[in-house]
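Text of model-v6.csv (CSV, C-alpha atoms) as supplied:
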```
chain,number,residue,atom,x,y,z
Z,1,MET,CA,7.9,5.4,-35.3
Z,2,PHE,CA,11.5,4.3,-35.8
Z,3,LEU,CA,10.6,0.9,-37.3
Z,4,PRO,CA,9.1,2.3,-40.5
Z,5,ILE,CA,12.1,4.5,-40.9
Z,6,LEU,CA,14.5,1.6,-40.5
Z,7,PHE,CA,12.4,-0.5,-42.9
Z,8,THR,CA,12.6,2.3,-45.5
Z,9,ILE,CA,16.4,2.6,-45.1
Z,10,SER,CA,16.8,-1.1,-45.4
Z,11,LEU,CA,14.8,-1.1,-48.7
Z,12,LEU,CA,17.0,1.7,-50.0
Z,13,PHE,CA,20.1,-0.3,-49.3
Z,14,SER,CA,18.6,-3.4,-50.8
Z,15,SER,CA,17.8,-1.6,-54.0
Z,16,SER,CA,21.2,-0.1,-54.0
Z,17,HIS,CA,23.0,-3.5,-53.7
Z,18,ALA,CA,20.7,-4.9,-56.4
Z,19,SER,CA,21.9,-2.3,-58.8
Z,20,VAL,CA,25.6,-3.1,-58.3
Z,21,LEU,CA,27.3,-4.6,-61.4
Z,22,ASP,CA,27.6,-8.4,-61.6
Z,23,PHE,CA,31.3,-8.0,-62.4
Z,24,CYS,CA,33.9,-5.5,-63.4
Z,25,VAL,CA,36.2,-7.1,-66.0
Z,26,ALA,CA,39.5,-5.2,-66.0
Z,27,ASP,CA,40.2,-2.9,-68.9
Z,28,PRO,CA,44.1,-2.9,-69.1
Z,29,SER,CA,44.0,-0.1,-71.6
Z,30,LEU,CA,42.9,2.2,-68.8
Z,31,PRO,CA,45.1,3.2,-65.8
Z,32,ASP,CA,45.1,1.0,-62.7
Z,33,GLY,CA,44.1,2.8,-59.6
Z,34,PRO,CA,43.9,2.0,-55.8
Z,35,ALA,CA,40.5,0.4,-56.4
Z,36,GLY,CA,41.7,-1.7,-59.3
Z,37,PHE,CA,41.3,-1.4,-63.0
Z,38,SER,CA,38.4,0.4,-64.6
Z,39,CYS,CA,35.6,-1.8,-65.9
Z,40,LYS,CA,35.5,-3.0,-69.5
Z,41,LYS,CA,32.3,-1.9,-71.2
Z,42,PRO,CA,29.8,-4.8,-70.9
Z,43,ALA,CA,29.3,-5.0,-74.6
Z,44,LYS,CA,33.0,-5.9,-75.0
Z,45,VAL,CA,33.0,-8.6,-72.3
Z,46,THR,CA,33.3,-12.2,-73.5
Z,47,VAL,CA,33.5,-15.6,-71.8
Z,48,ASP,CA,37.3,-15.6,-72.4
Z,49,ASP,CA,37.6,-12.8,-69.9
Z,50,PHE,CA,36.6,-15.3,-67.2
Z,51,VAL,CA,38.9,-18.1,-68.3
Z,52,TYR,CA,42.7,-18.4,-67.9
Z,53,HIS,CA,44.9,-21.2,-69.3
Z,54,ALA,CA,48.5,-20.3,-68.2
Z,55,LEU,CA,48.4,-22.2,-64.8
Z,56,GLY,CA,48.9,-25.5,-66.6
Z,57,ILE,CA,52.3,-24.4,-67.9
Z,58,PRO,CA,55.4,-25.0,-65.7
Z,59,GLY,CA,57.3,-21.8,-64.9
Z,60,ASN,CA,61.0,-21.3,-65.6
Z,61,THR,CA,63.0,-21.9,-62.5
Z,62,SER,CA,66.4,-21.2,-64.0
Z,63,ASN,CA,67.1,-18.2,-61.8
Z,64,LEU,CA,68.7,-17.2,-58.5
Z,65,LEU,CA,65.7,-18.4,-56.4
Z,66,LYS,CA,65.1,-21.5,-58.4
Z,67,ALA,CA,61.5,-20.4,-58.3
Z,68,ALA,CA,58.8,-19.3,-60.7
Z,69,VAL,CA,55.4,-17.7,-60.0
Z,70,THR,CA,52.8,-17.7,-62.7
Z,71,PRO,CA,50.1,-15.2,-61.7
Z,72,ALA,CA,46.4,-15.1,-62.5
Z,73,PHE,CA,45.9,-11.6,-61.2
Z,74,ALA,CA,43.7,-8.9,-62.7
Z,75,PRO,CA,46.3,-7.8,-65.3
Z,76,GLN,CA,46.6,-11.3,-66.6
Z,77,PHE,CA,43.1,-12.6,-65.8
Z,78,PRO,CA,40.7,-9.6,-66.2
Z,79,GLY,CA,37.7,-11.5,-64.9
Z,80,VAL,CA,38.9,-11.4,-61.3
Z,81,ASN,CA,39.1,-7.6,-61.2
Z,82,GLY,CA,36.9,-6.4,-58.4
Z,83,LEU,CA,36.1,-9.8,-57.0
Z,84,ASP,CA,38.6,-9.9,-54.0
Z,85,LEU,CA,40.3,-13.1,-55.2
Z,86,SER,CA,43.0,-14.3,-57.4
Z,87,ILE,CA,45.2,-17.4,-57.9
Z,88,ALA,CA,48.8,-18.2,-59.0
Z,89,ARG,CA,51.0,-21.2,-59.7
Z,90,LEU,CA,54.3,-21.8,-58.0
Z,91,ASP,CA,57.1,-23.9,-59.4
Z,92,LEU,CA,60.2,-24.6,-57.2
Z,93,ALA,CA,63.2,-26.6,-58.5
Z,94,VAL,CA,65.1,-28.7,-55.9
Z,95,GLY,CA,66.6,-26.1,-53.5
Z,96,GLY,CA,64.2,-23.4,-54.6
Z,97,VAL,CA,63.0,-20.8,-52.2
Z,98,VAL,CA,60.5,-17.9,-51.9
Z,99,PRO,CA,62.3,-15.6,-49.4
Z,100,ILE,CA,60.6,-13.8,-46.5
Z,101,HIS,CA,58.0,-11.5,-47.9
Z,102,THR,CA,54.6,-9.9,-47.3
Z,103,HIS,CA,51.5,-9.1,-49.2
Z,104,PRO,CA,50.3,-5.9,-47.5
Z,105,GLY,CA,46.7,-6.3,-46.4
Z,106,VAL,CA,46.2,-9.6,-48.1
Z,107,SER,CA,45.8,-13.2,-46.8
Z,108,GLU,CA,47.1,-16.2,-48.7
Z,109,ILE,CA,46.4,-20.0,-48.9
Z,110,VAL,CA,48.9,-22.4,-50.4
Z,111,PHE,CA,47.9,-25.9,-51.7
Z,112,VAL,CA,50.8,-28.3,-52.4
Z,113,VAL,CA,50.1,-30.1,-55.7
Z,114,GLU,CA,53.4,-32.0,-56.0
Z,115,GLY,CA,56.5,-32.2,-53.8
Z,116,THR,CA,57.5,-31.2,-50.3
Z,117,ILE,CA,57.5,-27.6,-49.0
Z,118,SER,CA,58.7,-26.2,-45.7
Z,119,ALA,CA,56.7,-23.0,-45.0
Z,120,GLY,CA,56.1,-20.6,-42.2
Z,121,PHE,CA,55.0,-17.2,-41.1
Z,122,ILE,CA,55.9,-14.8,-38.3
Z,123,SER,CA,53.3,-13.1,-36.0
Z,124,SER,CA,53.5,-9.3,-35.7
Z,125,SER,CA,52.6,-9.3,-32.0
Z,126,ALA,CA,55.3,-11.6,-30.4
Z,127,ASN,CA,57.4,-12.5,-33.5
Z,128,THR,CA,56.3,-16.1,-33.0
Z,129,VAL,CA,57.3,-18.4,-35.8
Z,130,TYR,CA,54.7,-20.9,-37.1
Z,131,PHE,CA,56.6,-23.4,-39.3
Z,132,LYS,CA,55.6,-26.7,-40.9
Z,133,THR,CA,56.7,-29.2,-43.5
Z,134,LEU,CA,53.9,-29.8,-46.1
Z,135,TYR,CA,53.4,-32.7,-48.4
Z,136,LYS,CA,51.2,-33.3,-51.5
Z,137,GLY,CA,47.6,-32.4,-50.7
Z,138,ASP,CA,48.5,-30.2,-47.7
Z,139,VAL,CA,47.3,-26.6,-47.3
Z,140,ILE,CA,48.6,-23.7,-45.2
Z,141,VAL,CA,47.2,-20.3,-44.7
Z,142,PHE,CA,49.3,-17.1,-44.2
Z,143,PRO,CA,47.2,-14.5,-42.3
Z,144,GLN,CA,46.8,-11.0,-43.6
Z,145,GLY,CA,50.0,-9.0,-44.2
Z,146,LEU,CA,52.3,-11.2,-42.1
Z,147,LEU,CA,55.9,-12.0,-43.1
Z,148,HIS,CA,56.1,-15.5,-44.5
Z,149,PHE,CA,58.3,-17.8,-46.6
Z,150,LEU,CA,58.6,-21.2,-48.1
Z,151,PHE,CA,61.2,-23.5,-49.8
Z,152,ASN,CA,61.5,-26.8,-51.4
Z,153,SER,CA,62.7,-29.2,-48.7
Z,154,GLY,CA,62.4,-32.3,-50.8
Z,155,LYS,CA,64.3,-34.1,-53.5
Z,156,THR,CA,61.9,-33.4,-56.3
Z,157,PRO,CA,60.5,-30.3,-58.0
Z,158,VAL,CA,57.5,-28.6,-56.3
Z,159,GLN,CA,54.2,-27.4,-57.8
Z,160,ALA,CA,51.8,-25.4,-55.7
Z,161,ILE,CA,48.8,-23.2,-56.0
Z,162,PHE,CA,48.4,-19.9,-54.2
Z,163,ALA,CA,45.0,-18.2,-53.6
Z,164,PHE,CA,44.7,-14.6,-52.4
Z,165,ASN,CA,41.8,-12.5,-51.2
Z,166,SER,CA,42.7,-9.7,-53.6
Z,167,PRO,CA,42.6,-9.5,-57.4
Z,168,SER,CA,46.1,-7.8,-57.4
Z,169,PRO,CA,48.0,-8.8,-54.3
Z,170,GLY,CA,51.1,-6.7,-54.0
Z,171,VAL,CA,54.3,-8.3,-52.7
Z,172,GLN,CA,57.4,-7.0,-51.0
Z,173,LEU,CA,60.4,-9.4,-50.6
Z,174,LEU,CA,62.4,-8.4,-47.5
Z,175,ASP,CA,65.8,-9.4,-49.0
Z,176,PHE,CA,65.3,-7.3,-52.1
Z,177,ALA,CA,63.8,-4.4,-50.2
Z,178,LEU,CA,67.0,-4.2,-48.2
Z,179,PHE,CA,69.7,-5.3,-50.6
Z,180,GLY,CA,68.2,-5.0,-54.1
Z,181,ASN,CA,68.0,-1.2,-54.5
Z,182,ASN,CA,70.2,1.9,-54.0
Z,183,LEU,CA,69.7,2.3,-50.2
Z,184,PRO,CA,73.3,3.3,-49.1
Z,185,SER,CA,75.2,0.5,-47.5
Z,186,GLU,CA,75.9,2.4,-44.3
Z,187,ILE,CA,72.2,2.8,-43.7
Z,188,VAL,CA,71.5,-0.8,-44.3
Z,189,GLU,CA,74.3,-1.7,-41.9
Z,190,LYS,CA,72.8,0.5,-39.2
Z,191,VAL,CA,69.3,-0.9,-39.5
Z,192,THR,CA,70.3,-4.6,-39.9
Z,193,PHE,CA,73.4,-4.8,-37.6
Z,194,LEU,CA,75.3,-6.5,-40.5
Z,195,ASP,CA,78.8,-5.5,-41.2
Z,196,ASP,CA,80.0,-3.8,-44.4
Z,197,ALA,CA,81.3,-6.9,-46.1
Z,198,GLN,CA,78.0,-8.8,-45.5
Z,199,VAL,CA,75.9,-6.0,-46.9
Z,200,ARG,CA,78.1,-5.5,-50.0
Z,201,LYS,CA,78.0,-9.3,-50.6
Z,202,LEU,CA,74.2,-9.3,-50.5
Z,203,LYS,CA,73.9,-6.2,-52.6
Z,204,ALA,CA,76.1,-7.9,-55.2
Z,205,VAL,CA,74.0,-11.0,-55.2
Z,206,LEU,CA,70.6,-9.2,-55.4
Z,207,GLY,CA,71.6,-6.4,-57.7
Z,208,GLY,CA,71.7,-3.5,-55.3
Z,209,THR,CA,74.0,-0.5,-55.5
Z,210,GLY,CA,75.1,2.2,-53.0
```
Give the structure from the file, written as structure tokens.
Amino acid sequence: MFLPILFTISLLFSSSHASVLDFCVADPSLPDGPAGFSCKKPAKVTVDDFVYHALGIPGNTSNLLKAAVTPAFAPQFPGVNGLDLSIARLDLAVGGVVPIHTHPGVSEIVFVVEGTISAGFISSSANTVYFKTLYKGDVIVFPQGLLHFLFNSGKTPVQAIFAFNSPSPGVQLLDFALFGNNLPSEIVEKVTFLDDAQVRKLKAVLGGTG
């Protein structure tokens, strides 16, 4: 008796999945919510929504980190909205660094196009560090949500490609979260075990106050 019922339920789910939209091209004119951007009306979707050209252009690395990330996320590349994937380009000048950071709930793969990168991540269970020097053609994966970092450890500029399992991967850089805002210095000192001079120096470098 249960088999016909299960079969009927499976048919209902099959027909439900069949009716799901093929895609949900982002409509940036509408608010962005927890589930992503609202879908553009199908009649307004064009092939250009699924094509992006900016990753062929080197980023400007004339900054504190000597790094530039060119994103192809849903706001820039509407076609990836709702598809659980996105991509970005990284440029690192000699000495460039992407400080310790995390993408909450998101995994990441890095492919080295040119140059030499030293990269690693830290496990959440035992604070184990997994660290490796990567060369042209190498790939590393950063598991979901874990703290990770990378820097140019060579003598030439770096170009790399990031891929994420989210159309809009958020990012939180640890250094800027601690020293790039108005969190009072005395609190930072208590939670980091740094002295006042060190905290004030880092706040001055990263634009923090308090």
query: So which residues touch segment 130-140 of chain Z within 10 Å, counting only C-alpha atoms, skipping near sequence neighbours fewer than 6 positions away, as a list of chain:residue names?
result: Z:Glu108, Z:Ile109, Z:Val110, Z:Phe111, Z:Val112, Z:Val113, Z:Glu114, Z:Gly115, Z:Thr116, Z:Ile117, Z:Ser118, Z:Ala119, Z:Gly120, Z:Phe121, Z:Ile122, Z:Ser123, Z:His148, Z:Phe149, Z:Leu150, Z:Phe151, Z:Asn152, Z:Ser153, Z:Gly154, Z:Val158, Z:Gln159, Z:Ala160, Z:Ile161, Z:Phe162
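Across Z:Glu186, Z:Thr156, Z:Leu65, Z:Phe50, the tightest approach to Val98 of chain Z is made by Z:Leu65 when counting all atoms listed in the file.
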If we count all atoms listed in the file, what is near Arg200 of chain Z at a cut-off of 9 Å, once residues fewer than 6 positions away on the same chain are taken out, given as a PDB file with C-alpha atoms, in the frame of the given file?
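File result22.pdb, as written:
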```pdb
ATOM      1  CA  PHE Z 179      69.700  -5.300 -50.600  1.00  0.00           C
ATOM      2  CA  SER Z 185      75.200   0.500 -47.500  1.00  0.00           C
ATOM      3  CA  GLY Z 208      71.700  -3.500 -55.300  1.00  0.00           C
ATOM      4  CA  THR Z 209      74.000  -0.500 -55.500  1.00  0.00           C
ATOM      5  CA  GLY Z 210      75.100   2.200 -53.000  1.00  0.00           C
TER       6      GLY Z 210
END
```
So that I can see what lies close to segment 28-45 of chain Z, please list as a compact mmCIF listing (two decimals) with C-alpha atoms, in the coordinates of the input the residues with an atom at most 7 Å from it, counting only C-alpha atoms and leaving out residues fewer than 6 positions away in the same chain.
```txt
# COMPACT_ATOMS: atom_id res chain seq x y z
CA PRO Z 75 46.30 -7.80 -65.30
CA ASN Z 81 39.10 -7.60 -61.20
CA GLY Z 82 36.90 -6.40 -58.40
```
message: Need the shell around Asp49 of chain Z: protein/DNA/RNA residues with any atom at most 10 Å away, counting all atoms listed in the file. Skip same-chain ones fewer than 6 positions apart. Format as a ChimeraX atom specification?
response: /Z:25-26,76-80
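Each of Z:Leu90, Z:Ile100, Z:Ala54, Z:Ala177 was compared to Ala68 of chain Z using all atoms listed in the file, and Z:Leu90 turns out to be the nearest.
The interatomic distance for the pair atom CA of Thr70 of chain Z and atom CA of Val47 of chain Z works out to 21.4 Å.
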query: Do you know which residues are at most 12 Å from segment 172-175 of chain Z counting all atoms listed in the file, after dropping those on the same chain fewer than 2 positions away, and could you put them as a ChimeraX atom specification?
result: /Z:65,97-106,145-149,169-170,177-181,188,192,199,202-203,205-208
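Going from atom CA of Ile57 of chain Z over to atom CA of Asp91 of chain Z, you cover 9.8 Å.
Considering the residues Z:Asp195, Z:Ala163, Z:Ala88, Z:Glu189 and counting all atoms listed in the file, Pro58 of chain Z has its shortest atom-to-atom contact with Z:Ala88.
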- request: Please indicate the distance in Å from atom CA of Ser86 of chain Z to atom CA of Ala74 of chain Z, rounded to one decimal place.
  value: 7.6 Å
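With distances taken over all atoms listed in the file, Z:Val94 is the one residue among Z:Val94, Z:Leu83, Z:Gln144, Z:Val171 lying closest to Thr61 of chain Z.
If all atoms listed in the file are the atoms counted, then among Z:Leu21, Z:Leu92, Z:Leu85, Z:Leu55 the closest residue to Ser168 of chain Z is Z:Leu85.
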Distance criterion (all atoms listed in the file): nearest to Pro143 of chain Z out of Z:Cys24, Z:Ser107, Z:Gln198, Z:Ile187: Z:Ser107
